[in-house]
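What follows is a short report on a single structure.
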Amino acid sequence: MSKRTRLLNGPPKTLEERYFSEIRPLLYERLGTHHQYGVRKGTTLASYIEKIP
């Protein structure tokens, strides 16, 4: 991609913007129905991963 094309598209997204617009929806799409066992029973894998610091 040329430098001019990148400048026309605007400033690059921050990691936080990318997380909420691209990564998080994909995470919930793929792992949102995968249920946990044991002490994490009742939560999905996606919600557990999101809570990890």
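Ordering of the structure tokens sets the chain letters (A, B, ...), residue numbers begin anew at 1 in every chain, and ligands are numbered from 1 in the order given.
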Expected answer as a VMD selection string: alpha helix (DSSP H) residues in chain A: chain A and resid 3 to 8 15 to 18 24 to 31 45 to 51
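Picture a line from atom CA of A:Tyr28 to atom CA of A:Lys51; it runs 13.0 Å.
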Pairwise distance for atom CA of A:Arg18 and atom CA of A:Thr43, rounded to one decimal in Å: 24.2 Å
Near-A:Gly32 list (8 Å; only C-alpha atoms; drop same-chain fewer than 2 positions) as a list of chain:residue names: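 After dropping sequence-adjacent residues, the list is A:Leu27, A:Tyr28, A:Glu29, A:Arg30, A:His34, A:His35, A:Thr44, A:Leu45, A:Ala46, A:Ser47.
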Could those selected residues go to a file with C-alpha atoms, as a CSV table (one decimal), in the first residue's frame?
chain,number,residue,atom,x,y,z
A,27,LEU,CA,-14.1,-13.5,19.8
A,28,TYR,CA,-17.8,-13.7,20.8
A,29,GLU,CA,-18.8,-15.2,17.4
A,30,ARG,CA,-16.2,-18.0,17.8
A,34,HIS,CA,-18.4,-22.5,24.4
A,35,HIS,CA,-19.4,-23.1,28.0
A,44,THR,CA,-18.7,-18.6,28.2
A,45,LEU,CA,-15.1,-18.9,27.2
A,46,ALA,CA,-15.3,-15.5,25.5
A,47,SER,CA,-16.5,-13.7,28.6
Length of the atom CA of A:Glu22 to atom CA of A:Ile49 vector [Å]: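 Computed distance, atom CA of A:Glu22 to atom CA of A:Ile49, equals 15.8 Å.
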